[in-house]
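This report refers to the structure that appears directly beneath it.
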Amino acid sequence: MAFGIKRAELQIWKAAVTRGEIAFLTHYWLDPRFPNINTVTKVGCSDLVKLTAWCKAHNLNPDYIHDRQPYPHYDLIGPRQKEILKQEQLWHHLERFKLL
């Protein structure tokens with residue numbers, strides 16, 4: 001279950017993904033499979049070659065890309081989420097969702 005984002009933020013992310021950009025969307029998230037995780041960052045891009053390259057550049061397994069058209073994405077959770085948000089200098093995501 002996703003929450004903590006506005007419709008406009010989701011629309012901006014979807015538009016960027018559709019344009020073939022690497023786009024980030026962080027939101028609160030509850031999933032019983034991950035009881036200690038309460039946020040996820042969706043890294044989306046409609047260009048699967050570009051998204052795969054992004055995953056490899058961050059030492060992430062591209063086999064975990066969710067190829068859900070029209071918004072393919074990779075879910076970042078846990079310590080790697082924080083690490084990559086820092087690498088990408090997405091301070092707003094880190095601050096807003098209390099990941100620092």
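Labels used: A, B, ... for chains in the order of the structure tokens, numbers from 1 for residues in each chain, and numbers from 1 for ligands as shown.
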- Task: Would you kindly return, as JSON, numbers by chain, each protein, DNA or RNA residue with an atom no farther than 12 Å from any atom of Arg80 (chain A), considering only C-alpha atoms and excluding same-chain residues fewer than 3 positions away?
- Result: {"A": [37, 39, 40, 41, 55, 58, 59, 60, 75, 76, 77, 83, 84, 85, 86, 87, 88, 99]}
How would the residues just chosen look if you wrote them out with C-alpha atoms as a PDB file, in the first residue's frame?
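The resulting file, selection.pdb, is reproduced below:
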ATOM      1  CA  ILE A  37      10.622  -1.115   5.787  1.00  0.00           C
ATOM      2  CA  THR A  39       9.416   3.640   2.362  1.00  0.00           C
ATOM      3  CA  VAL A  40      10.225   2.699  -1.218  1.00  0.00           C
ATOM      4  CA  THR A  41      11.747   4.663  -4.069  1.00  0.00           C
ATOM      5  CA  CYS A  55      20.861  -0.509 -12.335  1.00  0.00           C
ATOM      6  CA  HIS A  58      24.605   1.170  -9.067  1.00  0.00           C
ATOM      7  CA  ASN A  59      25.441  -2.530  -8.682  1.00  0.00           C
ATOM      8  CA  LEU A  60      21.771  -3.498  -8.690  1.00  0.00           C
ATOM      9  CA  ASP A  75      12.100  -0.633  -6.350  1.00  0.00           C
ATOM     10  CA  LEU A  76      14.748   0.642  -3.942  1.00  0.00           C
ATOM     11  CA  ILE A  77      14.235  -0.253  -0.286  1.00  0.00           C
ATOM     12  CA  GLU A  83      22.699   5.058  -0.171  1.00  0.00           C
ATOM     13  CA  ILE A  84      21.511   5.581  -3.738  1.00  0.00           C
ATOM     14  CA  LEU A  85      19.340   8.590  -2.889  1.00  0.00           C
ATOM     15  CA  LYS A  86      22.489  10.155  -1.406  1.00  0.00           C
ATOM     16  CA  GLN A  87      24.540   9.263  -4.496  1.00  0.00           C
ATOM     17  CA  GLU A  88      21.860  10.822  -6.696  1.00  0.00           C
ATOM     18  CA  LEU A  99      15.682   8.696   5.766  1.00  0.00           C
TER      19      LEU A  99
END
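Of all the residues in chain A, the ones DSSP labels as strand (DSSP E) from the backbone are Ala2, Phe3, Ala23, Phe24, Leu25, Thr26, His27, Tyr28, Trp29, Thr39, Val40, Thr41, Lys42, Val43, Gly44, His73, Tyr74, Asp75 and Leu76 of chain A.
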- Message: So that I can check the surroundings of region 20-35 of chain A, please list as a ChimeraX atom specification every protein, DNA and RNA residue that reaches within 8 Å of it, counting only C-alpha atoms and ignoring chain neighbours fewer than 6 positions away.
- Response: /A:1-5,9-10,13,41-47,50-51,93,97
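Using only C-alpha atoms, the shortest contact distance between Lys14 (chain A) and any of A:Lys56, A:Lys98, A:Pro79, A:His73 is found at A:His73.
Between CA of Ala8 (chain A) and CA of Gln69 (chain A) there is a distance of 19.9 Å.
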- Once DSSP has gone over the backbone, tell me which residues of region 13-56 of chain A are in alpha helix (DSSP H), as JSON, numbers by chain. {"A": [13, 14, 15, 16, 17, 18, 48, 49, 50, 51, 52, 53, 54, 55, 56]}
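CA of Tyr64 (chain A) to CA of Ala15 (chain A) spans 22.1 Å [interatomic distance, one decimal].
Picture a line from CA of Trp91 (chain A) to CA of Tyr74 (chain A); it runs 19.3 Å.
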